[in-house]
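Here is model-v2.cif, consisting of mmCIF, C-alpha atoms:
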```
data_protein
#
loop_
_atom_site.label_atom_id
_atom_site.label_comp_id
_atom_site.auth_asym_id
_atom_site.auth_seq_id
_atom_site.Cartn_x
_atom_site.Cartn_y
_atom_site.Cartn_z
CA MET O 1 -36.19 1.42 -28.57
CA LYS O 2 -39.06 -0.54 -27.05
CA LEU O 3 -38.70 -1.13 -23.28
CA SER O 4 -40.20 -4.07 -21.39
CA TYR O 5 -43.12 -3.03 -19.20
CA GLU O 6 -41.18 -3.99 -16.06
CA LEU O 7 -38.30 -1.64 -16.96
CA PHE O 8 -40.65 1.14 -18.08
CA ILE O 9 -42.73 1.05 -14.90
CA GLY O 10 -39.70 0.56 -12.63
CA LEU O 11 -38.06 3.68 -14.07
CA ARG O 12 -41.39 5.55 -13.97
CA TYR O 13 -41.73 4.93 -10.23
CA LEU O 14 -38.48 6.82 -9.67
CA LYS O 15 -40.34 10.00 -10.64
CA ALA O 16 -42.70 10.88 -7.81
CA LYS O 17 -45.99 12.67 -8.27
CA ARG O 18 -46.71 15.84 -6.35
CA LYS O 19 -48.43 14.00 -3.50
CA GLN O 20 -45.46 11.55 -3.22
CA THR O 21 -42.76 14.17 -2.53
CA PHE O 22 -41.77 12.48 0.73
CA ILE O 23 -41.06 9.17 -1.03
CA SER O 24 -39.04 11.02 -3.66
CA LEU O 25 -36.99 12.70 -0.91
CA ILE O 26 -36.17 9.34 0.68
CA THR O 27 -35.18 8.01 -2.76
CA MET O 28 -32.73 10.89 -3.16
CA ILE O 29 -31.37 10.29 0.35
CA SER O 30 -30.85 6.61 -0.50
CA MET O 31 -28.92 7.55 -3.67
CA ALA O 32 -26.85 10.05 -1.69
CA GLY O 33 -26.08 7.41 0.97
CA VAL O 34 -24.79 4.96 -1.65
CA ALA O 35 -22.80 7.75 -3.34
CA VAL O 36 -21.17 8.89 -0.08
CA GLY O 37 -20.25 5.32 0.84
CA VAL O 38 -18.66 4.61 -2.55
CA TRP O 39 -16.88 8.00 -2.55
CA ALA O 40 -15.44 7.39 0.95
CA LEU O 41 -14.32 3.86 0.05
CA ILE O 42 -12.51 4.98 -3.12
CA VAL O 43 -10.75 7.92 -1.43
CA VAL O 44 -9.70 6.03 1.72
CA LEU O 45 -8.49 2.91 -0.10
CA SER O 46 -6.61 5.05 -2.64
CA VAL O 47 -4.87 6.96 0.15
CA MET O 48 -4.00 3.74 2.01
CA THR O 49 -2.69 2.18 -1.21
CA GLY O 50 -0.64 5.34 -1.76
CA PHE O 51 0.83 5.10 1.73
CA GLU O 52 1.71 1.43 1.22
CA GLU O 53 3.34 2.06 -2.17
CA ASP O 54 5.25 5.10 -0.89
CA LEU O 55 6.50 3.12 2.10
CA ARG O 56 7.50 0.19 -0.12
CA ASN O 57 9.39 2.50 -2.48
CA LYS O 58 11.32 4.02 0.42
CA ILE O 59 12.17 0.61 1.88
CA LEU O 60 13.28 -0.73 -1.51
CA GLY O 61 15.16 2.48 -2.19
CA THR O 62 17.47 1.66 0.72
CA ASN O 63 17.34 -2.14 0.57
CA SER O 64 17.66 -4.59 -2.30
CA HIS O 65 14.91 -6.93 -3.53
CA ILE O 66 16.67 -10.12 -2.38
CA VAL O 67 19.41 -10.68 0.21
CA ILE O 68 21.55 -13.84 0.29
CA ILE O 69 23.42 -14.82 3.46
CA ASP O 70 25.36 -17.83 4.72
CA ARG O 71 23.56 -19.59 7.60
CA GLY O 72 26.63 -21.66 8.41
CA GLU O 73 29.70 -19.49 8.88
CA GLY O 74 27.85 -16.17 8.86
CA ALA O 75 30.16 -14.81 6.15
CA ILE O 76 30.44 -15.58 2.44
CA LYS O 77 34.01 -16.16 1.27
CA ASP O 78 33.30 -17.44 -2.23
CA TYR O 79 31.10 -14.49 -3.25
CA LYS O 80 33.13 -13.71 -6.42
CA ASN O 81 32.14 -17.10 -7.86
CA ILE O 82 28.56 -16.96 -6.53
CA ILE O 83 27.61 -13.56 -8.00
CA PRO O 84 27.99 -14.67 -11.69
CA LYS O 85 25.67 -17.63 -10.97
CA ILE O 86 23.05 -15.30 -9.50
CA GLU O 87 23.27 -12.81 -12.37
CA LYS O 88 22.54 -15.61 -14.86
CA VAL O 89 19.12 -16.16 -13.25
CA GLU O 90 16.27 -14.70 -15.33
CA HIS O 91 14.90 -11.31 -14.11
CA VAL O 92 18.06 -10.56 -12.09
CA ILE O 93 19.44 -7.13 -13.04
CA SER O 94 22.45 -6.99 -10.75
CA ALA O 95 24.06 -8.52 -7.66
CA THR O 96 26.68 -7.01 -5.37
CA PRO O 97 28.31 -7.97 -2.03
CA PHE O 98 27.85 -6.07 1.22
CA ILE O 99 29.03 -6.10 4.82
CA TYR O 100 26.66 -5.49 7.70
CA ASN O 101 27.60 -4.81 11.33
CA GLN O 102 26.67 -2.71 14.35
CA VAL O 103 29.02 -0.02 15.62
CA MET O 104 29.12 3.23 17.58
CA LEU O 105 29.74 6.59 15.90
CA THR O 106 31.28 9.33 18.02
CA THR O 107 32.02 12.99 17.46
CA GLU O 108 32.77 15.89 19.79
CA ASN O 109 29.04 16.57 19.89
CA GLY O 110 27.52 13.15 20.48
CA VAL O 111 27.48 9.36 20.34
CA SER O 112 25.08 7.11 18.47
CA GLY O 113 24.73 3.39 17.79
CA VAL O 114 24.22 2.61 14.10
CA VAL O 115 24.22 -0.13 11.51
CA LEU O 116 27.35 0.17 9.37
CA ARG O 117 27.13 -1.17 5.82
CA GLY O 118 30.19 -1.84 3.71
CA ILE O 119 29.30 -1.41 0.04
CA ASP O 120 30.95 -1.34 -3.37
CA PRO O 121 30.32 2.28 -4.49
CA SER O 122 30.60 1.37 -8.16
CA GLU O 123 27.95 -1.39 -7.90
CA GLU O 124 25.62 -0.33 -5.05
CA GLY O 125 23.70 2.10 -7.26
CA LYS O 126 22.60 -0.88 -9.39
CA VAL O 127 20.80 -2.64 -6.51
CA THR O 128 19.53 0.28 -4.36
CA ASP O 129 18.67 3.96 -4.79
CA ILE O 130 21.49 5.19 -2.54
CA LYS O 131 22.81 7.48 -5.31
CA LYS O 132 19.44 9.21 -5.65
CA ASN O 133 19.13 9.56 -1.87
CA ILE O 134 22.45 11.37 -1.37
CA LYS O 135 21.63 15.06 -0.91
CA ASP O 136 25.13 16.29 -0.11
CA GLY O 137 28.38 14.73 -1.32
CA ARG O 138 29.10 11.83 -3.69
CA LEU O 139 28.90 8.05 -3.39
CA GLU O 140 32.10 7.58 -5.40
CA ALA O 141 34.06 9.54 -2.75
CA LEU O 142 34.02 6.38 -0.59
CA ASN O 143 36.66 4.92 -2.93
CA GLU O 144 38.77 8.08 -3.01
CA LYS O 145 39.38 8.30 0.74
CA GLN O 146 38.45 6.58 3.99
CA GLY O 147 35.01 8.12 3.88
CA ILE O 148 31.62 7.51 5.46
CA ILE O 149 28.12 8.46 4.33
CA ILE O 150 25.53 9.03 7.07
CA GLY O 151 21.80 9.70 7.22
CA LYS O 152 20.30 13.17 7.54
CA GLU O 153 18.88 12.58 11.03
CA LEU O 154 22.12 10.99 12.20
CA ALA O 155 24.04 14.03 10.92
CA LYS O 156 21.73 16.30 12.94
CA ARG O 157 22.21 14.21 16.07
CA LEU O 158 26.02 14.17 15.80
CA LEU O 159 26.24 17.70 14.34
CA ALA O 160 28.36 16.26 11.55
CA PHE O 161 28.65 17.71 8.06
CA VAL O 162 30.53 16.81 4.88
CA GLY O 163 34.24 17.16 5.60
CA ASN O 164 33.94 16.47 9.36
CA LYS O 165 35.65 13.51 11.06
CA ILE O 166 33.70 10.71 12.74
CA THR O 167 35.18 7.94 14.89
CA VAL O 168 33.77 4.47 14.31
CA VAL O 169 33.96 2.21 17.37
CA SER O 170 33.47 -1.56 17.13
CA PRO O 171 33.16 -3.79 20.23
CA LEU O 172 34.76 -6.63 18.22
CA GLY O 173 38.35 -5.56 18.86
CA ALA O 174 41.56 -7.25 19.90
CA ILE O 175 41.89 -9.10 23.20
CA GLY O 176 44.39 -7.47 25.56
CA PRO O 177 45.48 -7.88 29.19
CA MET O 178 42.37 -6.04 30.39
CA GLY O 179 39.98 -7.95 28.12
CA THR O 180 38.56 -7.01 24.71
CA ILE O 181 39.75 -3.62 23.52
CA PRO O 182 37.24 -1.87 21.22
CA LYS O 183 38.56 -1.09 17.78
CA MET O 184 38.41 2.56 16.71
CA LYS O 185 39.01 4.26 13.41
CA SER O 186 38.45 7.77 12.07
CA PHE O 187 36.45 8.36 8.89
CA GLU O 188 35.66 11.55 6.99
CA VAL O 189 32.03 12.36 6.17
CA VAL O 190 31.85 12.42 2.36
CA GLY O 191 28.08 12.37 1.95
CA ILE O 192 24.70 12.74 3.68
CA PHE O 193 21.68 10.78 2.42
CA GLU O 194 17.94 11.14 3.00
CA SER O 195 15.77 8.09 2.37
CA GLY O 196 12.59 9.66 3.77
CA MET O 197 12.33 7.06 6.57
CA TYR O 198 13.44 8.12 10.04
CA GLU O 199 14.57 4.59 10.93
CA TYR O 200 17.12 4.55 8.10
CA ASP O 201 18.12 8.22 8.23
CA SER O 202 18.98 8.00 11.93
CA THR O 203 20.60 4.55 12.24
CA LEU O 204 22.39 3.78 8.98
CA ALA O 205 25.88 4.63 7.67
CA TYR O 206 27.91 3.48 4.67
CA ILE O 207 31.63 2.91 4.10
CA SER O 208 33.44 1.18 1.23
CA ILE O 209 33.51 -2.61 1.33
CA LYS O 210 37.34 -2.64 1.40
CA ASP O 211 37.41 -0.37 4.47
CA ALA O 212 34.76 -2.54 6.13
CA GLN O 213 36.74 -5.75 5.49
CA GLN O 214 39.84 -4.19 7.03
CA PHE O 215 37.99 -2.67 9.98
CA PHE O 216 36.15 -5.89 10.90
CA ASN O 217 39.13 -8.17 10.06
CA MET O 218 37.05 -10.16 7.56
CA GLY O 219 39.76 -10.74 4.99
CA ASP O 220 38.10 -11.18 1.60
CA ALA O 221 34.74 -12.32 3.03
CA VAL O 222 31.41 -10.43 3.03
CA SER O 223 28.21 -10.59 5.09
CA GLY O 224 25.93 -11.23 2.13
CA ILE O 225 24.92 -10.48 -1.45
CA GLU O 226 22.27 -7.98 -2.54
CA VAL O 227 20.16 -8.72 -5.63
CA ARG O 228 17.97 -6.41 -7.70
CA LEU O 229 15.20 -7.66 -10.03
CA ASP O 230 13.31 -6.14 -12.94
CA ASP O 231 9.98 -6.90 -11.19
CA ILE O 232 9.59 -6.66 -7.41
CA TYR O 233 6.41 -8.74 -7.42
CA ILE O 234 8.18 -11.93 -8.51
CA ALA O 235 10.85 -11.65 -5.80
CA ARG O 236 9.49 -14.65 -3.86
CA GLY O 237 9.77 -17.02 -6.80
CA ILE O 238 13.21 -15.75 -7.85
CA SER O 239 14.54 -16.03 -4.29
CA GLU O 240 13.39 -19.67 -4.17
CA LYS O 241 15.07 -20.32 -7.53
CA ILE O 242 18.34 -18.77 -6.32
CA GLN O 243 18.04 -20.81 -3.13
CA SER O 244 17.75 -24.04 -5.11
CA ILE O 245 20.73 -23.10 -7.31
CA LEU O 246 23.06 -22.22 -4.42
CA GLY O 247 21.80 -24.85 -1.99
CA PHE O 248 22.74 -25.14 1.68
CA PRO O 249 24.05 -23.21 3.66
CA TYR O 250 22.98 -20.18 1.59
CA TRP O 251 19.66 -18.53 2.40
CA ALA O 252 17.84 -16.18 -0.01
CA ARG O 253 15.19 -13.85 1.45
CA ASP O 254 13.03 -11.46 -0.57
CA TRP O 255 11.85 -7.99 0.49
CA GLY O 256 8.37 -9.31 1.36
CA GLN O 257 9.78 -11.82 3.86
CA MET O 258 12.09 -9.25 5.42
CA ASN O 259 9.21 -6.76 5.93
CA ARG O 260 6.38 -9.27 6.38
CA ASN O 261 4.99 -7.83 9.63
CA LEU O 262 4.80 -4.28 8.31
CA PHE O 263 3.08 -5.05 5.02
CA SER O 264 0.76 -7.63 6.63
CA ALA O 265 -0.37 -4.96 9.10
CA LEU O 266 -1.02 -2.50 6.26
CA ALA O 267 -3.00 -5.10 4.29
CA LEU O 268 -5.08 -5.98 7.38
CA GLU O 269 -5.75 -2.30 8.04
CA ARG O 270 -6.90 -1.78 4.45
CA ILE O 271 -9.32 -4.73 4.72
CA ALA O 272 -10.65 -3.41 8.04
CA MET O 273 -11.25 0.04 6.55
CA PHE O 274 -13.06 -1.53 3.58
CA ILE O 275 -15.39 -3.42 5.93
CA ILE O 276 -16.02 -0.38 8.15
CA LEU O 277 -16.76 1.98 5.27
CA THR O 278 -18.98 -0.60 3.59
CA LEU O 279 -21.33 -0.05 6.54
CA ILE O 280 -22.13 3.36 5.02
CA VAL O 281 -23.41 1.56 1.91
CA LEU O 282 -25.35 -0.86 4.13
CA VAL O 283 -27.09 2.07 5.84
CA ALA O 284 -28.02 3.39 2.41
CA ALA O 285 -29.31 -0.11 1.56
CA PHE O 286 -31.71 0.05 4.52
CA ASN O 287 -32.95 3.35 3.09
CA ILE O 288 -33.58 1.57 -0.21
CA VAL O 289 -35.59 -1.11 1.64
CA SER O 290 -37.73 1.50 3.40
CA THR O 291 -38.20 3.46 0.16
CA LEU O 292 -39.39 0.40 -1.74
CA ILE O 293 -41.71 -0.68 1.07
CA MET O 294 -43.37 2.76 1.02
CA ILE O 295 -43.61 2.66 -2.79
CA VAL O 296 -45.24 -0.79 -2.59
CA MET O 297 -47.75 0.51 -0.04
CA GLU O 298 -48.44 3.55 -2.23
CA LYS O 299 -48.78 1.50 -5.42
CA ASN O 300 -51.06 -1.27 -4.11
CA LYS O 301 -53.80 -0.25 -6.56
CA ASP O 302 -51.35 -0.09 -9.50
CA ILE O 303 -49.98 -3.53 -8.65
CA ALA O 304 -53.47 -5.00 -8.44
CA ILE O 305 -54.43 -3.50 -11.83
CA LEU O 306 -51.22 -4.83 -13.42
CA MET O 307 -51.94 -8.32 -12.06
CA SER O 308 -55.54 -8.19 -13.28
CA MET O 309 -54.18 -7.27 -16.73
CA GLY O 310 -51.98 -10.37 -16.76
CA ALA O 311 -48.75 -9.30 -15.09
CA THR O 312 -47.05 -12.22 -13.35
CA LYS O 313 -45.61 -12.23 -9.84
CA LYS O 314 -42.18 -12.48 -11.40
CA GLY O 315 -42.91 -9.37 -13.47
CA ILE O 316 -44.07 -7.43 -10.39
CA MET O 317 -40.88 -8.42 -8.57
CA LYS O 318 -38.82 -7.23 -11.55
CA ILE O 319 -40.48 -3.80 -11.42
CA PHE O 320 -39.39 -3.13 -7.84
CA VAL O 321 -36.01 -4.81 -8.24
CA ILE O 322 -35.33 -2.47 -11.17
CA ASN O 323 -36.56 0.49 -9.13
CA GLY O 324 -34.26 -0.23 -6.18
CA LEU O 325 -31.36 -1.30 -8.39
CA MET O 326 -31.51 2.00 -10.28
CA ILE O 327 -31.16 3.85 -6.97
CA GLY O 328 -28.03 1.81 -6.21
CA ILE O 329 -26.57 2.15 -9.73
CA VAL O 330 -27.08 5.91 -9.92
CA GLY O 331 -25.66 6.36 -6.41
CA THR O 332 -22.67 4.16 -7.33
CA ILE O 333 -21.97 6.13 -10.52
CA ILE O 334 -22.09 9.42 -8.62
CA GLY O 335 -19.85 8.00 -5.88
CA VAL O 336 -17.28 6.61 -8.34
CA ALA O 337 -17.13 9.93 -10.20
CA ALA O 338 -16.80 11.90 -6.95
CA GLY O 339 -14.13 9.54 -5.61
CA TYR O 340 -12.16 9.59 -8.87
CA PHE O 341 -12.09 13.38 -9.13
CA SER O 342 -11.36 13.76 -5.39
CA CYS O 343 -8.29 11.52 -5.77
CA ILE O 344 -7.12 13.45 -8.84
CA LEU O 345 -7.46 16.75 -6.94
CA LEU O 346 -5.64 15.31 -3.90
CA ALA O 347 -2.78 14.07 -6.07
CA LYS O 348 -2.50 17.22 -8.19
CA TYR O 349 -2.99 20.05 -5.70
CA GLN O 350 -1.92 18.26 -2.46
CA PHE O 351 -4.16 20.52 -0.38
CA ILE O 352 -4.12 18.16 2.63
CA LYS O 353 -0.72 18.76 4.22
CA LEU O 354 1.00 16.50 6.76
CA PRO O 355 3.68 17.49 9.30
CA SER O 356 6.83 16.20 7.59
CA ASP O 357 8.74 15.91 10.88
CA ILE O 358 6.26 13.23 12.00
CA TYR O 359 5.25 11.41 8.81
CA TYR O 360 8.18 12.31 6.53
CA ILE O 361 5.54 12.84 3.86
CA SER O 362 4.47 16.40 3.08
CA HIS O 363 1.04 15.42 1.70
CA LEU O 364 -1.38 12.51 1.42
CA PRO O 365 -0.08 10.03 -1.17
CA VAL O 366 -2.84 8.83 -3.50
CA LYS O 367 -2.72 5.75 -5.70
CA MET O 368 -5.92 4.68 -7.47
CA LYS O 369 -6.20 1.08 -8.62
CA LEU O 370 -8.80 0.07 -11.19
CA VAL O 371 -9.40 -3.27 -9.45
CA ASN O 372 -10.28 -1.45 -6.18
CA ILE O 373 -12.78 0.81 -7.95
CA ILE O 374 -14.38 -2.17 -9.73
CA VAL O 375 -14.69 -4.18 -6.48
CA ILE O 376 -16.21 -1.18 -4.66
CA ALA O 377 -18.72 -0.51 -7.48
CA ILE O 378 -19.76 -4.18 -7.75
CA SER O 379 -20.11 -4.43 -3.94
CA ALA O 380 -22.30 -1.31 -3.78
CA VAL O 381 -24.58 -2.48 -6.63
CA GLY O 382 -24.70 -5.99 -5.11
CA ILE O 383 -25.77 -4.67 -1.70
CA SER O 384 -28.40 -2.48 -3.41
CA PHE O 385 -29.74 -5.53 -5.27
CA LEU O 386 -30.01 -7.57 -2.06
CA ALA O 387 -31.91 -4.68 -0.47
CA THR O 388 -34.61 -4.94 -3.17
CA ILE O 389 -35.44 -8.62 -2.68
CA TYR O 390 -37.72 -8.40 0.40
CA PRO O 391 -39.87 -5.42 -0.75
CA SER O 392 -40.16 -6.92 -4.25
CA TYR O 393 -41.25 -10.28 -2.82
CA GLN O 394 -43.87 -8.55 -0.66
CA ALA O 395 -45.20 -6.69 -3.72
CA ALA O 396 -45.49 -9.97 -5.67
CA LYS O 397 -47.52 -11.55 -2.81
CA LEU O 398 -50.23 -8.88 -3.06
CA ASP O 399 -53.77 -10.21 -3.67
CA PRO O 400 -55.32 -8.05 -6.44
CA ALA O 401 -58.90 -8.85 -5.37
CA GLU O 402 -58.18 -7.63 -1.84
CA ALA O 403 -56.47 -4.45 -3.08
CA LEU O 404 -59.39 -3.54 -5.42
CA ARG O 405 -62.26 -4.56 -3.12
CA TYR O 406 -63.05 -1.05 -1.91
CA GLU O 407 -62.09 0.81 -5.08
#
```

Encoded form (structure tokens):
Amino acid sequence: MKLSYELFIGLRYLKAKRKQTFISLITMISMAGVAVGVWALIVVLSVMTGFEEDLRNKILGTNSHIVIIDRGEGAIKDYKNIIPKIEKVEHVISATPFIYNQVMLTTENGVSGVVLRGIDPSEEGKVTDIKKNIKDGRLEALNEKQGIIIGKELAKRLLAFVGNKITVVSPLGAIGPMGTIPKMKSFEVVGIFESGMYEYDSTLAYISIKDAQQFFNMGDAVSGIEVRLDDIYIARGISEKIQSILGFPYWARDWGQMNRNLFSALALERIAMFIILTLIVLVAAFNIVSTLIMIVMEKNKDIAILMSMGATKKGIMKIFVINGLMIGIVGTIIGVAAGYFSCILLAKYQFIKLPSDIYYISHLPVKMKLVNIIVIAISAVGISFLATIYPSYQAAKLDPAEALRYE
């Protein structure tokens, strides 16, 4: 295949002669700088994406994709007629009622404030991953007896195990001569769950929805309706559709709205890390500039001869653009390959361990996204291209008569 003279000479200048070893060394350092920057960007962004996805999975394992509440009365009485309407909406897999309230749990060994959720054991598994999270006991046991399921950390704090009794205390009791009398009721621990998030495992408990209605004197009303979709990424649009169908005073909120601060912070942190690590590529780009400037100084005679033979200024610029661009492209390819295989090794062998009592993750979660790798590669090559413009322009400005005067 016949190469253009600009491409041939640009590639030829990558190979240094014996007296140009120093320039060749700087070329290799420039390639290594680009490779290290691309490698670091791929690994760090993959780990941060893994953390975000793992966190999202744990949140959505305990919570549903959409929650519907009544902004007027605070309780939904007509939920049996509302649920069929919701389930007819496209992409909705299931919908189930729930009750949500704050109580105190007491045992002989401790006291703890928790969020108590009343659920339908036969339907809850369709909207959350509570069944998968239960490590000891059964979800269905809530229907068989006045049972309660508590989180792993909460069980440790109260020293409660399956079969033990726990007293649930609600401040919303009856009014007596001495004021409001807290309502108390004993429940048997029928299960212990582990979601992987300390916040849920230490402050969340479940009872059956019938027991919750009786305990909180709600009659046949519920606090809200949980909805699960077949695609979590369309939750915003589906929640708006449900909102328009139900109308006021019902309010539909998706998982993104309910955890907006957390995921916004993670997204901002990922962008910040991308910008910071891109500085490594910028440093390598300065090396490319210095390398090309030295090559231009070294090749003054060659440039003058090429111009005297008819090479245009545009052709001279192309030679050095190709030269610098090849440094960036080779460095990017090496960096992408190193980052890809590093992520595979991290995911497969999990050799970077984390203290599970702090992070509740035993190893670094890694999730590579093709779009991230493409953006990183294009950014690195783009920065390398920009770094070639000034040295190439300076080479094109060379006066051949001046360069050959003393030759």

inquiry  = I'd like to know which of O:Ile383, O:Ala304, O:Met28, O:Val366 is closest to Cys343 of chain O, using only C-alpha atoms.
reply    =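 Between O:Ile383, O:Ala304, O:Met28, O:Val366, the residue approaching Cys343 of chain O most closely is O:Val366.
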
request  = Rounded to one decimal place, report the atom CA of Ala141 of chain O-atom CA of Glu188 of chain O distance in Å.
outcome  =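 Computing it gives 10.1 Å between the two atoms.
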
message = Applying 9 Å and only C-alpha atoms, which residues near Asp201 of chain O remain after dropping the ones on its own chain fewer than 2 positions away? List them as a ChimeraX atom specification.
response = /O:150-155,193-199,203-205

task = List the residues matched by the PyMOL selection byres ((chain O and resi 137-139) around 7) in the displayed structure as a ChimeraX atom specification, ordered by chain and then by residue number.
result = /O:121,131,134-136,140-142,162,190-192

inquiry  = When you count only C-alpha atoms, which of these residues is closest to Asp302 of chain O: O:Lys241, O:Ala395, O:Ala32, O:Asn164?
reply    = O:Ala395

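Using only C-alpha atoms for every distance, the candidate list O:Ser264, O:Ser46, O:Ser186, O:Ser392 yields O:Ser392 as the residue closest to Ile316 of chain O.
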
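Using all atoms listed in the file, the smallest distance between any of O:Leu60, O:Val336, O:Val371, O:Met326 and Ala235 of chain O comes from O:Leu60.
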
task = Compare O:Ser223, O:Thr62, O:Ser30, O:Ser202 by their minimum atom-to-atom distance to Pro97 of chain O, counting all atoms listed in the file, and give me the closest one.
result = O:Ser223

ask   = Mind telling me what the PyMOL selection byres ((chain O and resi 114) around 7) catches here, as a PyMOL selection string?
value = chain O and resi 102-104+112-113+115-116+203-205
